[in-house]
Amino acid sequence: MQARESLQSSPIGLHGVVTIFVVLTALGSTACGEGERTPGQPAAEATDASAAAADGAAIESARLLIDSLMEAESIPGLSVAVGNGSEVVWAEGFGYSDLTHQVSVTPLTRFRIGSVSKPITAAALGVLVERDALDLDAPVQNYVPSFPEKRWPISTRQLAGHLGGIRHYLGMENFSAVNYPDVLSGLEIFEDDPLINEPGTEYSYSSYAWNLISAVVESASGEPFLDFMQREVFDALSMDHTAADRNRTIIPNRTRFYVVDEEGEVLNAPYVDNSYKWAGGGFLSTPEDLLRFANGHIAPGYLQAETLELLFTSQTLRDGRETGYGIGWRSYTNDHGERIISHGGGSVGGRTILTLNRDTGLIVAIVANLSSAPMSGELAGRIEELFR
């Protein structure tokens, strides 16, 4: 039995397999001594056992961290997965996906991943660039002629780096309950508004910019945005449990969504319809699917090396300042001097963090079904540190 499984073939419920293996390993360590090899035991088996024991200790420490966080923040349900390249080291669900019916979270549970939808959509941009179907620096009206021209031209590259001058949500707009039948109709929310700054001069985070990107993808690909995403991203990377958060559709294992009020009571989250923002914050997924997605970005294969650097490299403002944000990915260096790419996501009834260490191959994905759950790069970094 192996504690680590391939991302291409890992069974759902892997945490049970890992736990059993860790217990057996611990029993063997007690009998033989930590790191000691019995006569005739192959060196490879001793190495595997040592690695499994280390993973087991890391898992127990990570569980304590997660349990403490959930109690402190009143998080109903949470799911986490850690990968090392193509291997799932750990995947486990905590708490409840449905408090009313006491349904436990499992690795199959699908959560709202919010803005982690952006790097997933960025993969579609990469595919189109490689096929010469998309010029990132052309005015967006080349692909979306119905979008009103503004005081200054806007490119897809600028939109994808939050440099396009498109505004973010105003007031309670992110609590929209309106159903938009297609991506073009979702542009109605902001398309007539003036730009908040000249493109390229200021970094200003905007999920609506990614609404416009979805229309660009649709035009450049010649097919509906979600159809292109399904085939070229979800299917291509074996993300079998990732989908648009359609309200009317029965989606197996979709969690319920929660908020905490001012008195600290956990309540059902308000009803929202995310059809206006698939590309920037409208997908459901699982941590293991997010591992598969990130693993497809460790090395050339799914995308070319040049395309990966295009996505990960920080864009710069006109005055030369770096933003720390490329195309759908944040990039920074950790305390070990290693290159990290990441994205967080917040939505009504959901929080997510995804990090990928480009130098070690370690990937951490954490999702929760509470709007205020503190899913941060710091939390992911603490868990990553345990598995080094």
# chains A, B, ... in the order shown; residues from 1 in each chain; ligands from 1

$ residues_around --residues "A:Glu173" --least-positions-apart "3" --cutoff "12 Å" --atoms "only C-alpha atoms" --output "PyMOL selection string"
chain A and resi 167-170+176-178+189-190+207-208+272-274+276-277+347-348

$ select_by_dssp --residues "stretch 105-230 of chain A" --states "alpha helix (DSSP H)" --output "short mmCIF file (atom, residue, chain, number, x, y, z; two decimals) with all heavy atoms, in the first residue's frame"
data_model
loop_
_atom_site.label_atom_id
_atom_site.label_comp_id
_atom_site.auth_asym_id
_atom_site.auth_seq_id
_atom_site.Cartn_x
_atom_site.Cartn_y
_atom_site.Cartn_z
N SER A 117 -11.00 30.96 -9.49
CA SER A 117 -11.49 30.80 -10.87
C SER A 117 -10.61 31.58 -11.86
O SER A 117 -10.55 31.21 -13.05
CB SER A 117 -12.94 31.28 -10.98
OG SER A 117 -13.78 30.60 -10.08
N LYS A 118 -9.95 32.64 -11.41
CA LYS A 118 -9.16 33.47 -12.32
C LYS A 118 -7.96 32.72 -12.90
O LYS A 118 -7.77 32.73 -14.12
CB LYS A 118 -8.74 34.76 -11.62
CG LYS A 118 -9.90 35.71 -11.33
CD LYS A 118 -9.43 36.95 -10.57
CE LYS A 118 -10.55 37.97 -10.40
NZ LYS A 118 -11.59 37.54 -9.45
N PRO A 119 -7.09 32.10 -12.09
CA PRO A 119 -6.00 31.34 -12.71
C PRO A 119 -6.50 30.19 -13.58
O PRO A 119 -5.83 29.81 -14.56
CB PRO A 119 -5.17 30.85 -11.52
CG PRO A 119 -6.04 30.99 -10.33
CD PRO A 119 -6.95 32.13 -10.62
N ILE A 120 -7.66 29.62 -13.24
CA ILE A 120 -8.21 28.55 -14.07
C ILE A 120 -8.59 29.11 -15.44
O ILE A 120 -8.31 28.51 -16.48
CB ILE A 120 -9.40 27.89 -13.35
CG1 ILE A 120 -8.91 27.16 -12.09
CG2 ILE A 120 -10.13 26.92 -14.29
CD1 ILE A 120 -10.01 26.56 -11.26
N THR A 121 -9.21 30.30 -15.44
CA THR A 121 -9.54 30.94 -16.71
C THR A 121 -8.28 31.38 -17.45
O THR A 121 -8.22 31.36 -18.68
CB THR A 121 -10.46 32.15 -16.47
OG1 THR A 121 -11.67 31.70 -15.83
CG2 THR A 121 -10.81 32.85 -17.78
N ALA A 122 -7.25 31.77 -16.69
CA ALA A 122 -5.99 32.16 -17.32
C ALA A 122 -5.39 31.03 -18.15
O ALA A 122 -4.72 31.27 -19.15
CB ALA A 122 -4.99 32.62 -16.26
N ALA A 123 -5.63 29.78 -17.72
CA ALA A 123 -5.15 28.65 -18.51
C ALA A 123 -5.78 28.65 -19.90
O ALA A 123 -5.12 28.33 -20.89
CB ALA A 123 -5.46 27.34 -17.79
N ALA A 124 -7.05 29.03 -19.97
CA ALA A 124 -7.72 29.12 -21.27
C ALA A 124 -7.08 30.19 -22.13
O ALA A 124 -6.92 30.03 -23.35
CB ALA A 124 -9.21 29.40 -21.08
N LEU A 125 -6.70 31.31 -21.51
CA LEU A 125 -5.99 32.35 -22.26
C LEU A 125 -4.68 31.80 -22.81
O LEU A 125 -4.31 32.06 -23.96
CB LEU A 125 -5.70 33.56 -21.36
CG LEU A 125 -6.90 34.37 -20.88
CD1 LEU A 125 -6.44 35.50 -19.96
CD2 LEU A 125 -7.70 34.93 -22.05
N GLY A 126 -3.96 31.03 -21.99
CA GLY A 126 -2.71 30.44 -22.44
C GLY A 126 -2.90 29.53 -23.63
O GLY A 126 -2.11 29.55 -24.59
N VAL A 127 -3.94 28.72 -23.60
CA VAL A 127 -4.24 27.82 -24.71
C VAL A 127 -4.49 28.61 -25.99
O VAL A 127 -3.97 28.28 -27.06
CB VAL A 127 -5.46 26.93 -24.37
CG1 VAL A 127 -5.95 26.18 -25.61
CG2 VAL A 127 -5.11 25.95 -23.25
N LEU A 128 -5.27 29.67 -25.88
CA LEU A 128 -5.60 30.47 -27.06
C LEU A 128 -4.38 31.22 -27.60
O LEU A 128 -4.22 31.35 -28.82
CB LEU A 128 -6.71 31.45 -26.72
CG LEU A 128 -8.08 30.82 -26.45
CD1 LEU A 128 -9.04 31.83 -25.85
CD2 LEU A 128 -8.66 30.24 -27.74
N VAL A 129 -3.52 31.69 -26.72
CA VAL A 129 -2.30 32.36 -27.17
C VAL A 129 -1.42 31.38 -27.94
O VAL A 129 -0.86 31.72 -29.00
CB VAL A 129 -1.54 32.96 -25.96
CG1 VAL A 129 -0.12 33.37 -26.36
CG2 VAL A 129 -2.30 34.16 -25.39
N GLU A 130 -1.29 30.16 -27.42
CA GLU A 130 -0.45 29.17 -28.09
C GLU A 130 -1.00 28.78 -29.46
O GLU A 130 -0.24 28.38 -30.35
CB GLU A 130 -0.32 27.92 -27.21
CG GLU A 130 0.53 28.17 -25.97
CD GLU A 130 0.76 26.92 -25.14
OE1 GLU A 130 0.16 25.86 -25.47
OE2 GLU A 130 1.52 26.99 -24.17
N THR A 156 -6.43 42.74 -23.36
CA THR A 156 -6.71 41.57 -22.52
C THR A 156 -5.61 41.36 -21.50
O THR A 156 -5.88 40.96 -20.36
CB THR A 156 -6.87 40.31 -23.39
OG1 THR A 156 -7.90 40.53 -24.36
CG2 THR A 156 -7.24 39.10 -22.56
N ARG A 157 -4.36 41.62 -21.88
CA ARG A 157 -3.26 41.48 -20.93
C ARG A 157 -3.48 42.41 -19.72
O ARG A 157 -3.29 41.99 -18.57
CB ARG A 157 -1.93 41.83 -21.60
CG ARG A 157 -0.70 41.57 -20.70
CD ARG A 157 0.55 42.17 -21.32
NE ARG A 157 0.82 41.67 -22.64
CZ ARG A 157 1.55 40.59 -22.92
NH1 ARG A 157 2.09 39.91 -21.90
NH2 ARG A 157 1.77 40.22 -24.17
N GLN A 158 -3.89 43.63 -19.97
CA GLN A 158 -4.14 44.56 -18.88
C GLN A 158 -5.31 44.11 -18.02
O GLN A 158 -5.25 44.17 -16.79
CB GLN A 158 -4.40 45.96 -19.44
CG GLN A 158 -3.16 46.61 -20.05
CD GLN A 158 -3.49 47.86 -20.84
OE1 GLN A 158 -4.58 48.00 -21.41
NE2 GLN A 158 -2.54 48.80 -20.89
N LEU A 159 -6.37 43.64 -18.65
CA LEU A 159 -7.51 43.13 -17.88
C LEU A 159 -7.07 42.00 -16.96
O LEU A 159 -7.46 41.95 -15.78
CB LEU A 159 -8.59 42.62 -18.83
CG LEU A 159 -9.34 43.64 -19.68
CD1 LEU A 159 -10.23 42.92 -20.69
CD2 LEU A 159 -10.17 44.57 -18.80
N ALA A 160 -6.26 41.08 -17.49
CA ALA A 160 -5.86 39.89 -16.74
C ALA A 160 -4.90 40.21 -15.60
O ALA A 160 -4.73 39.40 -14.69
CB ALA A 160 -5.23 38.87 -17.68
N VAL A 183 -22.33 35.15 -21.15
CA VAL A 183 -21.31 36.04 -20.62
C VAL A 183 -21.48 37.47 -21.11
O VAL A 183 -21.15 38.42 -20.39
CB VAL A 183 -19.90 35.51 -20.92
CG1 VAL A 183 -19.68 34.17 -20.26
CG2 VAL A 183 -19.63 35.42 -22.41
N LEU A 184 -21.98 37.65 -22.31
CA LEU A 184 -22.17 39.01 -22.81
C LEU A 184 -23.20 39.78 -21.99
O LEU A 184 -23.04 40.97 -21.72
CB LEU A 184 -22.59 38.99 -24.28
CG LEU A 184 -21.48 38.71 -25.30
CD1 LEU A 184 -22.06 38.65 -26.71
CD2 LEU A 184 -20.39 39.79 -25.23
N SER A 185 -24.26 39.10 -21.58
CA SER A 185 -25.29 39.79 -20.79
C SER A 185 -24.74 40.23 -19.44
O SER A 185 -25.18 41.24 -18.88
CB SER A 185 -26.51 38.89 -20.61
OG SER A 185 -26.20 37.72 -19.89
N GLY A 186 -23.76 39.49 -18.90
CA GLY A 186 -23.17 39.87 -17.62
C GLY A 186 -22.37 41.16 -17.68
O GLY A 186 -22.12 41.80 -16.65
N TYR A 208 -14.75 42.17 -12.33
CA TYR A 208 -15.48 42.48 -13.56
C TYR A 208 -14.57 42.46 -14.78
O TYR A 208 -15.03 42.17 -15.89
CB TYR A 208 -16.16 43.84 -13.42
CG TYR A 208 -17.38 43.85 -12.53
CD1 TYR A 208 -17.70 44.98 -11.80
CD2 TYR A 208 -18.21 42.73 -12.43
CE1 TYR A 208 -18.82 45.00 -10.97
CE2 TYR A 208 -19.32 42.74 -11.61
CZ TYR A 208 -19.63 43.88 -10.88
OH TYR A 208 -20.74 43.88 -10.07
N ALA A 209 -13.29 42.76 -14.60
CA ALA A 209 -12.36 42.66 -15.72
C ALA A 209 -12.36 41.25 -16.30
O ALA A 209 -12.25 41.05 -17.51
CB ALA A 209 -10.95 43.04 -15.27
N TRP A 210 -12.55 40.27 -15.41
CA TRP A 210 -12.56 38.87 -15.87
C TRP A 210 -13.88 38.49 -16.51
O TRP A 210 -13.95 37.55 -17.30
CB TRP A 210 -12.17 37.94 -14.72
CG TRP A 210 -10.70 38.05 -14.46
CD1 TRP A 210 -10.06 39.03 -13.76
CD2 TRP A 210 -9.68 37.18 -14.95
NE1 TRP A 210 -8.71 38.82 -13.78
CE2 TRP A 210 -8.45 37.69 -14.49
CE3 TRP A 210 -9.70 36.02 -15.71
CZ2 TRP A 210 -7.23 37.07 -14.79
CZ3 TRP A 210 -8.49 35.40 -16.01
CH2 TRP A 210 -7.28 35.92 -15.56
N ASN A 211 -14.96 39.22 -16.18
CA ASN A 211 -16.20 39.07 -16.96
C ASN A 211 -15.91 39.37 -18.43
O ASN A 211 -16.33 38.64 -19.34
CB ASN A 211 -17.27 40.05 -16.48
CG ASN A 211 -17.87 39.71 -15.14
OD1 ASN A 211 -17.19 39.15 -14.28
ND2 ASN A 211 -19.12 40.07 -14.95
N LEU A 212 -15.21 40.47 -18.66
CA LEU A 212 -14.87 40.86 -20.02
C LEU A 212 -13.92 39.85 -20.65
O LEU A 212 -14.04 39.53 -21.85
CB LEU A 212 -14.26 42.26 -20.00
CG LEU A 212 -13.97 42.93 -21.35
CD1 LEU A 212 -15.16 42.85 -22.30
CD2 LEU A 212 -13.55 44.38 -21.13
N ILE A 213 -13.01 39.30 -19.86
CA ILE A 213 -12.10 38.27 -20.38
C ILE A 213 -12.88 37.05 -20.85
O ILE A 213 -12.54 36.43 -21.87
CB ILE A 213 -11.06 37.88 -19.30
CG1 ILE A 213 -10.02 39.00 -19.16
CG2 ILE A 213 -10.38 36.55 -19.65
CD1 ILE A 213 -9.05 38.79 -18.03
N SER A 214 -13.94 36.67 -20.13
CA SER A 214 -14.72 35.50 -20.56
C SER A 214 -15.33 35.74 -21.93
O SER A 214 -15.43 34.82 -22.75
CB SER A 214 -15.81 35.17 -19.54
OG SER A 214 -16.79 36.18 -19.45
N ALA A 215 -15.73 36.98 -22.21
CA ALA A 215 -16.27 37.31 -23.53
C ALA A 215 -15.17 37.27 -24.59
O ALA A 215 -15.41 36.86 -25.73
CB ALA A 215 -16.92 38.69 -23.50
N VAL A 216 -13.95 37.67 -24.21
CA VAL A 216 -12.81 37.57 -25.13
C VAL A 216 -12.53 36.10 -25.46
O VAL A 216 -12.32 35.73 -26.63
CB VAL A 216 -11.56 38.22 -24.50
CG1 VAL A 216 -10.32 37.91 -25.33
CG2 VAL A 216 -11.75 39.73 -24.38
N VAL A 217 -12.51 35.25 -24.44
CA VAL A 217 -12.26 33.81 -24.65
C VAL A 217 -13.34 33.23 -25.57
O VAL A 217 -13.04 32.45 -26.48
CB VAL A 217 -12.24 33.06 -23.30
CG1 VAL A 217 -12.25 31.55 -23.52
CG2 VAL A 217 -11.02 33.47 -22.49
N GLU A 218 -14.57 33.60 -25.32
CA GLU A 218 -15.67 33.09 -26.13
C GLU A 218 -15.50 33.48 -27.60
O GLU A 218 -15.66 32.65 -28.51
CB GLU A 218 -16.99 33.63 -25.59
CG GLU A 218 -18.22 32.98 -26.18
CD GLU A 218 -19.45 33.24 -25.34
OE1 GLU A 218 -19.63 32.55 -24.31
OE2 GLU A 218 -20.23 34.14 -25.68
N SER A 219 -15.12 34.72 -27.85
CA SER A 219 -14.94 35.18 -29.22
C SER A 219 -13.72 34.54 -29.88
O SER A 219 -13.79 34.08 -31.02
CB SER A 219 -14.80 36.71 -29.23
OG SER A 219 -14.51 37.18 -30.52
N ALA A 220 -12.60 34.51 -29.15
CA ALA A 220 -11.37 33.98 -29.72
C ALA A 220 -11.47 32.48 -30.00
O ALA A 220 -10.86 31.97 -30.95
CB ALA A 220 -10.20 34.26 -28.79
N SER A 221 -12.23 31.77 -29.18
CA SER A 221 -12.37 30.32 -29.35
C SER A 221 -13.48 29.95 -30.33
O SER A 221 -13.49 28.85 -30.88
CB SER A 221 -12.65 29.66 -28.01
OG SER A 221 -13.92 30.05 -27.50
N PHE A 225 -18.17 30.17 -23.68
CA PHE A 225 -17.08 30.18 -22.71
C PHE A 225 -17.01 28.90 -21.90
O PHE A 225 -15.95 28.27 -21.77
CB PHE A 225 -17.22 31.39 -21.78
CG PHE A 225 -16.27 31.39 -20.63
CD1 PHE A 225 -14.92 31.65 -20.83
CD2 PHE A 225 -16.72 31.14 -19.34
CE1 PHE A 225 -14.03 31.65 -19.76
CE2 PHE A 225 -15.84 31.14 -18.27
CZ PHE A 225 -14.49 31.40 -18.48
N LEU A 226 -18.13 28.48 -21.31
CA LEU A 226 -18.11 27.30 -20.44
C LEU A 226 -17.82 26.03 -21.22
O LEU A 226 -17.20 25.09 -20.68
CB LEU A 226 -19.42 27.18 -19.67
CG LEU A 226 -19.66 28.24 -18.59
CD1 LEU A 226 -21.01 28.03 -17.92
CD2 LEU A 226 -18.53 28.24 -17.56
N ASP A 227 -18.22 25.94 -22.47
CA ASP A 227 -17.90 24.77 -23.28
C ASP A 227 -16.40 24.68 -23.52
O ASP A 227 -15.80 23.60 -23.44
CB ASP A 227 -18.63 24.82 -24.63
CG ASP A 227 -20.13 24.63 -24.50
OD1 ASP A 227 -20.59 24.29 -23.38
OD2 ASP A 227 -20.84 24.83 -25.49
N PHE A 228 -15.78 25.83 -23.82
CA PHE A 228 -14.34 25.85 -24.04
C PHE A 228 -13.60 25.49 -22.76
O PHE A 228 -12.62 24.71 -22.78
CB PHE A 228 -13.91 27.23 -24.53
CG PHE A 228 -12.47 27.30 -24.95
CD1 PHE A 228 -12.07 26.82 -26.19
CD2 PHE A 228 -11.52 27.86 -24.11
CE1 PHE A 228 -10.73 26.89 -26.58
CE2 PHE A 228 -10.19 27.93 -24.48
CZ PHE A 228 -9.79 27.43 -25.72
N MET A 229 -14.03 26.04 -21.64
CA MET A 229 -13.39 25.73 -20.36
C MET A 229 -13.51 24.24 -20.03
O MET A 229 -12.54 23.64 -19.55
CB MET A 229 -14.04 26.55 -19.24
CG MET A 229 -13.77 28.05 -19.32
SD MET A 229 -12.03 28.49 -19.15
CE MET A 229 -11.66 27.86 -17.52
#

$ residues_around --residues "stretch 316-332 of chain A" --least-positions-apart "4" --cutoff "7 Å" --atoms "only C-alpha atoms" --output "number ranges by chain"
A: 118-119, 122, 160-161, 200-203, 311-312, 339-343

$ write_last_selection --atoms "C-alpha atoms" --output "PDB file, in the first residue's frame"
ATOM      1  CA  LYS A 118      -9.163  33.469 -12.321  1.00  0.00           C
ATOM      2  CA  PRO A 119      -6.002  31.339 -12.714  1.00  0.00           C
ATOM      3  CA  ALA A 122      -5.985  32.163 -17.319  1.00  0.00           C
ATOM      4  CA  ALA A 160      -5.860  39.891 -16.740  1.00  0.00           C
ATOM      5  CA  GLY A 161      -3.369  41.787 -14.582  1.00  0.00           C
ATOM      6  CA  GLY A 200      -1.439  50.428 -17.265  1.00  0.00           C
ATOM      7  CA  THR A 201      -1.000  53.219 -14.722  1.00  0.00           C
ATOM      8  CA  GLU A 202      -2.490  51.659 -11.582  1.00  0.00           C
ATOM      9  CA  TYR A 203      -3.110  48.191 -10.157  1.00  0.00           C
ATOM     10  CA  LEU A 311       1.165  33.699 -16.790  1.00  0.00           C
ATOM     11  CA  PHE A 312       3.463  33.829 -13.762  1.00  0.00           C
ATOM     12  CA  ARG A 339       9.209  30.986  -6.165  1.00  0.00           C
ATOM     13  CA  ILE A 340       5.565  30.793  -5.120  1.00  0.00           C
ATOM     14  CA  ILE A 341       2.531  31.344  -7.306  1.00  0.00           C
ATOM     15  CA  SER A 342      -0.863  31.529  -5.694  1.00  0.00           C
ATOM     16  CA  HIS A 343      -4.376  32.873  -5.656  1.00  0.00           C
TER      17      HIS A 343
END

$ closest_residue --among "A:Ser74, A:Glu262, A:Ser275, A:Ile353" --to "A:Asp182" --atoms "only C-alpha atoms"
A:Ser275

$ select_by_dssp --residues "stretch 159-286 of chain A" --states "strand (DSSP E)" --output "list of chain:residue names"
A:Ala243, A:Ala244, A:Tyr258, A:Val259, A:Val260, A:Val266, A:Leu267, A:Asn268, A:Phe283, A:Leu284, A:Ser285

$ closest_residue --among "A:Leu379, A:Leu370, A:Ile59, A:Ala236" --to "A:Val82" --atoms "only C-alpha atoms"
A:Ile59

$ residues_around --residues "A:Asn197" --least-positions-apart "5" --cutoff "9 Å" --atoms "only C-alpha atoms" --output "PyMOL selection string"
chain A and resi 163-166+202+204

$ closest_atom_pairs --of "stretch 45-153 of chain A" --to "stretch 255-258 of chain A" --cutoff "6 Å" --atoms "only C-alpha atoms" --output "CSV"
residue,atom,partner,partner_atom,distance
A:Ser97,CA,A:Thr255,CA,4.7
A:Asp98,CA,A:Arg256,CA,5.5
A:Arg110,CA,A:Thr255,CA,5.9
A:Phe111,CA,A:Thr255,CA,5.9

$ closest_residue --among "A:Gly282, A:Pro181, A:Pro270, A:Gly56" --to "A:Ser371" --atoms "only C-alpha atoms"
A:Pro270

$ atom_distance --atom1 "atom CA of A:Leu136" --atom2 "atom CA of A:Ala299"
22.4 Å
